[in-house]
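Student: Below is target03.cif; it holds mmCIF, C-alpha atoms.
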data_model
#
loop_
_atom_site.label_atom_id
_atom_site.label_comp_id
_atom_site.auth_asym_id
_atom_site.auth_seq_id
_atom_site.Cartn_x
_atom_site.Cartn_y
_atom_site.Cartn_z
CA MET A 238 15.68 -10.86 21.06
CA LEU A 239 12.02 -11.73 20.73
CA LYS A 240 9.93 -9.32 22.78
CA ALA A 241 6.36 -9.44 21.43
CA ILE A 242 3.88 -11.80 19.80
CA ILE A 243 1.26 -10.22 17.55
CA PHE A 244 -1.67 -12.51 16.81
CA ASP A 245 -4.15 -12.46 14.00
CA PHE A 246 -7.53 -13.37 15.46
CA ASP A 247 -9.90 -15.30 13.17
CA GLY A 248 -8.38 -18.67 12.37
CA VAL A 249 -5.54 -18.22 14.87
CA LEU A 250 -7.09 -17.64 18.29
CA ALA A 251 -10.71 -18.34 17.41
CA ASP A 252 -12.23 -20.94 15.11
CA THR A 253 -14.38 -18.33 13.40
CA GLU A 254 -13.45 -18.51 9.71
CA PRO A 255 -16.26 -21.04 8.94
CA LEU A 256 -18.65 -18.80 10.87
CA HIS A 257 -17.58 -15.72 8.92
CA PHE A 258 -18.23 -17.61 5.68
CA ARG A 259 -21.74 -18.59 6.77
CA MET A 260 -22.55 -15.04 7.85
CA PHE A 261 -21.24 -13.57 4.58
CA GLN A 262 -23.24 -16.17 2.69
CA GLN A 263 -26.47 -15.41 4.55
CA VAL A 264 -26.16 -11.64 4.19
CA LEU A 265 -25.38 -11.95 0.49
CA GLN A 266 -28.30 -14.35 -0.02
CA GLU A 267 -30.55 -11.55 1.21
CA GLU A 268 -29.06 -9.48 -1.63
CA ARG A 269 -29.58 -12.37 -4.08
CA ILE A 270 -25.83 -12.83 -4.51
CA PRO A 271 -24.48 -16.40 -4.28
CA LEU A 272 -21.26 -17.18 -2.42
CA GLY A 273 -19.79 -20.67 -2.51
CA GLU A 274 -17.41 -22.06 0.09
CA ASP A 275 -14.60 -22.72 -2.38
CA GLU A 276 -14.98 -19.24 -3.83
CA TYR A 277 -14.79 -17.67 -0.37
CA TYR A 278 -11.68 -19.55 0.73
CA GLN A 279 -9.88 -19.09 -2.59
CA LYS A 280 -10.64 -15.40 -3.12
CA TYR A 281 -11.83 -13.65 0.01
CA VAL A 282 -10.56 -15.28 3.19
CA GLY A 283 -8.25 -12.85 4.97
CA PHE A 284 -10.21 -9.76 3.91
CA ASP A 285 -11.93 -7.68 6.56
CA ASP A 286 -15.73 -7.34 6.29
CA ARG A 287 -15.61 -4.05 4.43
CA ASP A 288 -13.12 -5.23 1.79
CA CYS A 289 -14.82 -8.60 1.40
CA PHE A 290 -18.23 -7.12 0.69
CA HIS A 291 -16.68 -4.54 -1.62
CA ALA A 292 -14.81 -7.18 -3.63
CA ILE A 293 -17.83 -9.49 -3.95
CA LEU A 294 -20.21 -6.71 -4.95
CA ALA A 295 -17.73 -5.35 -7.48
CA ALA A 296 -17.30 -8.83 -8.99
CA GLN A 297 -21.09 -9.01 -9.40
CA GLY A 298 -21.31 -5.55 -10.94
CA ARG A 299 -23.35 -4.31 -7.97
CA SER A 300 -23.20 -1.00 -6.15
CA THR A 301 -20.22 -0.59 -3.82
CA SER A 302 -21.33 2.72 -2.35
CA PRO A 303 -20.20 3.47 1.22
CA GLU A 304 -23.82 3.31 2.35
CA THR A 305 -24.29 -0.16 0.88
CA ILE A 306 -21.07 -1.48 2.41
CA ARG A 307 -21.92 -0.04 5.84
CA ARG A 308 -25.37 -1.64 5.73
CA LEU A 309 -24.03 -5.08 4.87
CA VAL A 310 -21.22 -4.88 7.44
CA ALA A 311 -23.71 -3.88 10.15
CA ARG A 312 -26.06 -6.72 9.20
CA LYS A 313 -23.27 -9.29 9.36
CA ALA A 314 -21.94 -7.88 12.65
CA ALA A 315 -25.34 -8.25 14.30
CA MET A 316 -25.62 -11.85 13.13
CA MET A 317 -22.09 -12.63 14.33
CA LEU A 318 -22.70 -11.23 17.81
CA ASP A 319 -25.89 -13.25 18.22
CA HIS A 320 -23.97 -16.42 17.42
CA LEU A 321 -20.89 -15.60 19.50
CA LYS A 322 -22.95 -14.93 22.61
CA ALA A 323 -24.18 -18.52 22.50
CA THR A 324 -21.22 -20.51 21.19
CA PRO A 325 -17.59 -20.71 22.46
CA VAL A 326 -15.19 -20.47 19.52
CA VAL A 327 -11.65 -20.33 20.96
CA TYR A 328 -9.46 -23.18 19.69
CA PRO A 329 -8.52 -25.97 22.12
CA GLY A 330 -5.24 -25.21 23.85
CA ILE A 331 -5.24 -21.52 22.88
CA LYS A 332 -5.95 -20.20 26.35
CA GLU A 333 -2.98 -22.12 27.73
CA PHE A 334 -0.75 -20.98 24.85
CA VAL A 335 -1.73 -17.34 25.37
CA LYS A 336 -1.28 -17.47 29.14
CA SER A 337 2.15 -19.08 28.78
CA SER A 338 3.21 -16.56 26.13
CA ALA A 339 2.00 -13.63 28.23
CA ASN A 340 4.45 -14.64 30.97
CA ARG A 341 7.38 -14.12 28.58
CA TYR A 342 6.32 -11.63 25.90
CA ARG A 343 4.20 -8.59 25.23
CA LEU A 344 1.04 -9.67 23.40
CA ALA A 345 -1.08 -7.83 20.83
CA ILE A 346 -3.74 -8.59 18.23
CA VAL A 347 -4.06 -7.28 14.68
CA SER A 348 -7.30 -8.38 13.06
CA GLY A 349 -9.76 -7.49 10.36
CA ALA A 350 -12.53 -8.47 12.76
CA LEU A 351 -14.67 -5.87 14.48
CA ARG A 352 -13.59 -4.86 17.98
CA GLN A 353 -16.85 -5.88 19.62
CA GLU A 354 -16.45 -9.41 18.25
CA ILE A 355 -12.84 -9.66 19.45
CA ASP A 356 -13.63 -8.29 22.90
CA LEU A 357 -16.62 -10.59 23.36
CA ILE A 358 -14.66 -13.72 22.47
CA LEU A 359 -11.64 -12.79 24.60
CA GLN A 360 -13.74 -11.85 27.62
CA THR A 361 -15.77 -15.06 27.35
CA ALA A 362 -12.52 -17.07 27.25
CA GLY A 363 -10.94 -15.09 30.11
CA MET A 364 -8.08 -13.79 27.94
CA ARG A 365 -8.80 -10.08 27.48
CA THR A 366 -6.26 -8.88 30.04
CA ASP A 367 -3.45 -10.93 28.47
CA PHE A 368 -3.27 -8.57 25.49
CA GLU A 369 -1.60 -5.20 25.79
CA HIS A 370 -3.05 -3.88 22.54
CA ILE A 371 -5.70 -4.71 19.91
CA THR A 372 -5.84 -3.29 16.39
CA SER A 373 -9.24 -4.08 14.88
CA ALA A 374 -10.97 -3.30 11.59
CA GLU A 375 -12.12 0.08 12.88
CA ASP A 376 -8.52 1.24 13.45
CA VAL A 377 -7.24 1.04 9.86
CA GLY A 378 -8.18 2.32 6.44
CA SER A 379 -6.65 -0.59 4.53
CA GLY A 380 -6.92 -4.25 5.49
CA LYS A 381 -4.45 -7.06 4.93
CA PRO A 382 -2.33 -7.64 2.82
CA ASP A 383 -1.63 -3.95 3.49
CA PRO A 384 0.73 -3.68 6.52
CA GLU A 385 -1.20 -0.77 8.05
CA GLY A 386 -2.63 -2.87 10.87
CA TYR A 387 0.76 -4.19 11.99
CA LEU A 388 2.36 -0.76 11.73
CA HIS A 389 -0.51 0.63 13.82
CA ALA A 390 0.11 -2.00 16.49
CA LEU A 391 3.85 -1.30 16.54
CA ARG A 392 3.21 2.41 17.07
CA SER A 393 0.85 1.62 19.92
CA LEU A 394 3.27 -0.80 21.58
CA ASN A 395 6.01 1.81 21.33
CA GLN A 396 3.93 4.27 23.31
CA LYS A 397 4.47 2.09 26.39
CA ALA A 398 7.99 0.76 25.80
CA PRO A 399 10.34 0.78 22.79
CA ILE A 400 10.10 -2.18 20.44
CA LEU A 401 11.28 -2.81 16.88
CA ALA A 402 9.65 -4.85 14.12
CA PRO A 403 12.48 -7.44 14.11
CA GLU A 404 11.81 -8.03 17.83
CA CYS A 405 8.26 -9.22 17.09
CA LEU A 406 6.64 -12.38 15.77
CA VAL A 407 3.30 -12.41 13.95
CA ILE A 408 1.07 -15.48 13.97
CA GLU A 409 -1.23 -15.68 10.93
CA ASP A 410 -3.38 -18.18 9.04
CA THR A 411 -3.66 -16.71 5.51
CA LEU A 412 -1.38 -15.58 2.71
CA PHE A 413 -2.71 -12.02 3.00
CA GLY A 414 -1.74 -12.02 6.68
CA ILE A 415 1.75 -13.31 5.94
CA GLN A 416 2.21 -10.64 3.28
CA ALA A 417 1.05 -7.93 5.67
CA ALA A 418 3.45 -9.08 8.40
CA HIS A 419 6.43 -9.24 6.05
CA ALA A 420 5.58 -5.84 4.56
CA ALA A 421 5.78 -4.46 8.10
CA GLY A 422 9.20 -6.07 8.57
CA ILE A 423 8.00 -8.77 10.98
CA ARG A 424 8.67 -12.52 10.88
CA CYS A 425 5.60 -14.72 10.63
CA LEU A 426 4.58 -18.10 12.00
CA ALA A 427 1.65 -19.48 9.99
CA VAL A 428 -0.87 -21.98 11.33
CA SER A 429 -2.60 -24.19 8.77
CA THR A 430 -6.03 -23.97 10.38
CA THR A 431 -7.64 -22.11 7.47
CA CYS A 432 -5.41 -22.75 4.45
CA PRO A 433 -3.30 -25.80 3.49
CA ALA A 434 0.36 -25.60 4.51
CA ASP A 435 1.53 -25.37 0.89
CA GLN A 436 -0.36 -22.09 0.50
CA LEU A 437 1.51 -20.69 3.52
CA ALA A 438 5.02 -21.53 2.31
CA SER A 439 6.13 -17.90 2.34
CA ALA A 440 5.89 -17.81 6.15
CA ASP A 441 9.07 -18.09 8.21
CA ALA A 442 7.66 -21.16 9.97
CA ILE A 443 4.47 -23.24 9.75
CA ALA A 444 2.55 -25.17 12.41
CA SER A 445 -0.62 -27.22 12.23
CA THR A 446 -1.81 -25.98 15.63
CA LEU A 447 -0.74 -23.71 18.48
CA LYS A 448 -1.84 -26.27 21.07
CA GLY A 449 1.37 -27.29 22.81
CA TYR A 450 3.50 -25.42 20.26
CA ASP A 451 7.15 -24.98 21.28
CA LEU A 452 7.50 -21.23 20.95
CA GLU A 453 10.83 -21.20 22.77
CA SER A 454 12.46 -23.35 20.09
CA LEU A 455 11.23 -20.92 17.42
CA ALA A 456 12.58 -17.99 19.43
CA LYS A 457 15.98 -19.65 19.68
CA ARG A 458 15.96 -20.35 15.93
CA PHE A 459 15.42 -16.76 14.89
CA TRP A 460 16.45 -14.61 17.87
CA SER A 461 19.31 -16.42 19.64
#
For this file, write the structure as structure tokens.

Tutor:
Amino acid sequence: MLKAIIFDFDGVLADTEPLHFRMFQQVLQEERIPLGEDEYYQKYVGFDDRDCFHAILAAQGRSTSPETIRRLVARKAAMMLDHLKATPVVYPGIKEFVKSSANRYRLAIVSGALRQEIDLILQTAGMRTDFEHITSAEDVGSGKPDPEGYLHALRSLNQKAPILAPECLVIEDTLFGIQAAHAAGIRCLAVSTTCPADQLASADAIASTLKGYDLESLAKRFWS
């Protein structure tokens, strides 16, 4: 029986992947490091801020000291918050999908985004109370494709009421996210908002959008 839906955030609930790219690009320009759009989407999309900066700096032979990473993450976070305060970013139809899902299932979020960014977007959209739990970048030591975030969320959900990994569905938008969900023992629905559908073929199901998506049919397919 399907009991819980665990959402990724960027690229699933919020149309923020292009924004993340622009913020990474601007911060790195200040460090005189180029970052092209194709390079970002082919190599780094799906990483949290810390891992993304670390990977890019390492590829450039630059310092990856904890102090450097913290400085760049803080700079990007400040730029993101300034933008998010002025611009709605939730996908069309997402609020309705979340509200409908919350009537049937327990809802959680597992994201490499910072908690303040997640909270701001959800509160602005009027969806914060629909989610029982949020695992953000600050809660884990290893980002996706490591399953730590999903395992963290499962432990937290179990503190309120018992639930098993096979009773959950993850919704993701990147290969790293799919790999993390499967490594945690959870089925995954992928949405092709960030990556082409052929790059998401390892997911259990694929959709082009969550707007109007028939979640009940998917539940019957895998949990009936």

Student: I need the residue set behind the PyMOL selection byres ((chain A and resi 238-255) around 7) for this file; please write it as a PyMOL selection string.

Tutor: chain A and resi 256-259+326-328+331+342-348+404-410+428+430-431+456+460-461

Student: Would you mind exporting the chosen residues as a compact mmCIF listing (two decimals), keeping the file's coordinate frame, restricted to C-alpha atoms?

Tutor:
# COMPACT_ATOMS: atom_id res chain seq x y z
CA LEU A 256 -18.65 -18.80 10.87
CA HIS A 257 -17.58 -15.72 8.92
CA PHE A 258 -18.23 -17.61 5.68
CA ARG A 259 -21.74 -18.59 6.77
CA VAL A 326 -15.19 -20.47 19.52
CA VAL A 327 -11.65 -20.33 20.96
CA TYR A 328 -9.46 -23.18 19.69
CA ILE A 331 -5.24 -21.52 22.88
CA TYR A 342 6.32 -11.63 25.90
CA ARG A 343 4.20 -8.59 25.23
CA LEU A 344 1.04 -9.67 23.40
CA ALA A 345 -1.08 -7.83 20.83
CA ILE A 346 -3.74 -8.59 18.23
CA VAL A 347 -4.06 -7.28 14.68
CA SER A 348 -7.30 -8.38 13.06
CA GLU A 404 11.81 -8.03 17.83
CA CYS A 405 8.26 -9.22 17.09
CA LEU A 406 6.64 -12.38 15.77
CA VAL A 407 3.30 -12.41 13.95
CA ILE A 408 1.07 -15.48 13.97
CA GLU A 409 -1.23 -15.68 10.93
CA ASP A 410 -3.38 -18.18 9.04
CA VAL A 428 -0.87 -21.98 11.33
CA THR A 430 -6.03 -23.97 10.38
CA THR A 431 -7.64 -22.11 7.47
CA ALA A 456 12.58 -17.99 19.43
CA TRP A 460 16.45 -14.61 17.87
CA SER A 461 19.31 -16.42 19.64

Student: Residues within 10 Å of Pro271 (chain A), please, as a PyMOL selection string. Count only C-alpha atoms; anything in the same chain fewer than 3 positions from it doesn't count.

Tutor: chain A and resi 261-268+276+293+297

Student: Between A:Ala427, A:Ala434, A:Leu391, A:Leu351, which is the closest to Leu447 (chain A) once you count all atoms listed in the file?

Tutor: A:Ala427

Student: Please write the residues picked by the PyMOL selection byres ((chain A and resi 445) around 6) on this file as a list in words.

Tutor: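 So the PyMOL selection byres ((chain A and resi 445) around 6), applied here, picks out Val428, Ser429, Ala444 and Thr446 of chain A.
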
Student: Find the distance between CA of Phe413 (chain A) and CA of Gly380 (chain A) and write it in Å to one decimal.

Tutor: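 Calculated distance between CA of Phe413 (chain A) and CA of Gly380 (chain A) is 9.2 Å.
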
Student: Would you work out the distance separating CA of Pro433 (chain A) from CA of Leu294 (chain A), expressed in Å to one decimal?

Tutor: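 A separation of 26.9 Å between them.
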
Student: I want to know what sits within 12 Å of Ala374 (chain A), based on all atoms listed in the file, with residues of the same chain fewer than 6 positions away left out; could you give that as a PyMOL selection string?

Tutor: chain A and resi 245-246+283-288+310+314+346-355+380-381+385-387+389

Student: By how many Å are CA of Leu455 (chain A) and CA of Arg392 (chain A) apart?

Tutor: 24.7 Å

Student: Please provide the set of residues having any atom within 10 Å of Ala420 (chain A), restricted to all atoms listed in the file, with same-chain residues fewer than 6 positions apart removed, written as a PyMOL selection string.

Tutor: chain A and resi 382-385+387-388+414

Student: Which of these residues is nearest to Ser338 (chain A), using only C-alpha atoms: A:Leu359, A:Ala418, A:Met364, A:Cys432?

Tutor: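 Under the stated criterion, the closest residue is A:Met364.
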
Student: Let me make sure I understand: among A:Ile306, A:Leu321, A:Met260, A:Val282, which one has the smallest atom-to-atom distance to Leu412 (chain A) if we use all atoms listed in the file?

Tutor: A:Val282

Student: Which of these residues is nearest to Pro325 (chain A), using all atoms listed in the file: A:Ile371, A:Ala311, A:Val377, A:Leu357?

Tutor: A:Leu357

Student: Taking all atoms listed in the file into account, which of A:Glu304, A:Glu274, A:Ala442, A:Phe368 comes nearest Asn340 (chain A)?

Tutor: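 When distances to Asn340 (chain A) are compared using all atoms listed in the file, the smallest one comes from A:Phe368.
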
Student: So, with only C-alpha atoms as the atoms that count, which of A:Ala362, A:Met317, A:Ile270, A:Ala402 lies closest to Glu333 (chain A)?

Tutor: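 Among the listed residues, A:Ala362 lies closest to Glu333 (chain A).
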
Student: Would you kindly translate the PyMOL selection byres ((chain A and resi 334) around 10) into the concrete residues it picks from this file, as a PyMOL selection string?

Tutor: chain A and resi 250+329-333+335-339+447-452

Student: Print the selection's residues with C-alpha atoms to a file, as a CSV table (one decimal), keeping the file's coordinate frame.

Tutor:
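File part.csv, as written:
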chain,number,residue,atom,x,y,z
A,250,LEU,CA,-7.1,-17.6,18.3
A,329,PRO,CA,-8.5,-26.0,22.1
A,330,GLY,CA,-5.2,-25.2,23.8
A,331,ILE,CA,-5.2,-21.5,22.9
A,332,LYS,CA,-6.0,-20.2,26.4
A,333,GLU,CA,-3.0,-22.1,27.7
A,335,VAL,CA,-1.7,-17.3,25.4
A,336,LYS,CA,-1.3,-17.5,29.1
A,337,SER,CA,2.2,-19.1,28.8
A,338,SER,CA,3.2,-16.6,26.1
A,339,ALA,CA,2.0,-13.6,28.2
A,447,LEU,CA,-0.7,-23.7,18.5
A,448,LYS,CA,-1.8,-26.3,21.1
A,449,GLY,CA,1.4,-27.3,22.8
A,450,TYR,CA,3.5,-25.4,20.3
A,451,ASP,CA,7.2,-25.0,21.3
A,452,LEU,CA,7.5,-21.2,21.0

Student: Writing N, CA, C and O atoms and nothing else, produce region 360-371 of chain A as a PDB file, in the first residue's frame.

Tutor:
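What ended up in result.pdb:
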ATOM      1  N   GLN A 360       6.168  28.635   1.805  1.00  0.00           N
ATOM      2  CA  GLN A 360       5.324  29.581   2.520  1.00  0.00           C
ATOM      3  C   GLN A 360       4.678  30.578   1.559  1.00  0.00           C
ATOM      4  O   GLN A 360       3.495  30.906   1.683  1.00  0.00           O
ATOM      5  N   THR A 361       5.455  31.031   0.574  1.00  0.00           N
ATOM      6  CA  THR A 361       4.917  31.967  -0.415  1.00  0.00           C
ATOM      7  C   THR A 361       3.779  31.333  -1.212  1.00  0.00           C
ATOM      8  O   THR A 361       2.792  31.993  -1.549  1.00  0.00           O
ATOM      9  N   ALA A 362       3.929  30.018  -1.488  1.00  0.00           N
ATOM     10  CA  ALA A 362       2.912  29.302  -2.271  1.00  0.00           C
ATOM     11  C   ALA A 362       1.766  28.768  -1.415  1.00  0.00           C
ATOM     12  O   ALA A 362       0.808  28.210  -1.957  1.00  0.00           O
ATOM     13  N   GLY A 363       1.869  28.913  -0.081  1.00  0.00           N
ATOM     14  CA  GLY A 363       0.823  28.410   0.804  1.00  0.00           C
ATOM     15  C   GLY A 363       0.811  26.903   0.929  1.00  0.00           C
ATOM     16  O   GLY A 363      -0.251  26.292   1.120  1.00  0.00           O
ATOM     17  N   MET A 364       2.004  26.271   0.864  1.00  0.00           N
ATOM     18  CA  MET A 364       2.077  24.805   0.902  1.00  0.00           C
ATOM     19  C   MET A 364       2.892  24.264   2.077  1.00  0.00           C
ATOM     20  O   MET A 364       3.030  23.058   2.205  1.00  0.00           O
ATOM     21  N   ARG A 365       3.420  25.115   2.928  1.00  0.00           N
ATOM     22  CA  ARG A 365       4.336  24.626   3.965  1.00  0.00           C
ATOM     23  C   ARG A 365       3.688  23.601   4.887  1.00  0.00           C
ATOM     24  O   ARG A 365       4.327  22.593   5.251  1.00  0.00           O
ATOM     25  N   THR A 366       2.437  23.795   5.252  1.00  0.00           N
ATOM     26  CA  THR A 366       1.791  22.893   6.203  1.00  0.00           C
ATOM     27  C   THR A 366       1.374  21.560   5.583  1.00  0.00           C
ATOM     28  O   THR A 366       0.960  20.649   6.294  1.00  0.00           O
ATOM     29  N   ASP A 367       1.494  21.428   4.262  1.00  0.00           N
ATOM     30  CA  ASP A 367       1.134  20.163   3.620  1.00  0.00           C
ATOM     31  C   ASP A 367       2.207  19.093   3.813  1.00  0.00           C
ATOM     32  O   ASP A 367       1.930  17.910   3.614  1.00  0.00           O
ATOM     33  N   PHE A 368       3.411  19.507   4.202  1.00  0.00           N
ATOM     34  CA  PHE A 368       4.528  18.574   4.304  1.00  0.00           C
ATOM     35  C   PHE A 368       4.847  18.256   5.763  1.00  0.00           C
ATOM     36  O   PHE A 368       5.114  19.147   6.569  1.00  0.00           O
ATOM     37  N   GLU A 369       4.835  16.967   6.045  1.00  0.00           N
ATOM     38  CA  GLU A 369       5.107  16.490   7.400  1.00  0.00           C
ATOM     39  C   GLU A 369       6.578  16.639   7.768  1.00  0.00           C
ATOM     40  O   GLU A 369       6.928  16.875   8.922  1.00  0.00           O
ATOM     41  N   HIS A 370       7.439  16.493   6.766  1.00  0.00           N
ATOM     42  CA  HIS A 370       8.885  16.527   7.052  1.00  0.00           C
ATOM     43  C   HIS A 370       9.647  17.092   5.856  1.00  0.00           C
ATOM     44  O   HIS A 370       9.255  16.897   4.706  1.00  0.00           O
ATOM     45  N   ILE A 371      10.766  17.785   6.147  1.00  0.00           N
ATOM     46  CA  ILE A 371      11.680  18.265   5.113  1.00  0.00           C
ATOM     47  C   ILE A 371      13.104  17.887   5.497  1.00  0.00           C
ATOM     48  O   ILE A 371      13.562  18.195   6.597  1.00  0.00           O
TER      49      ILE A 371
END
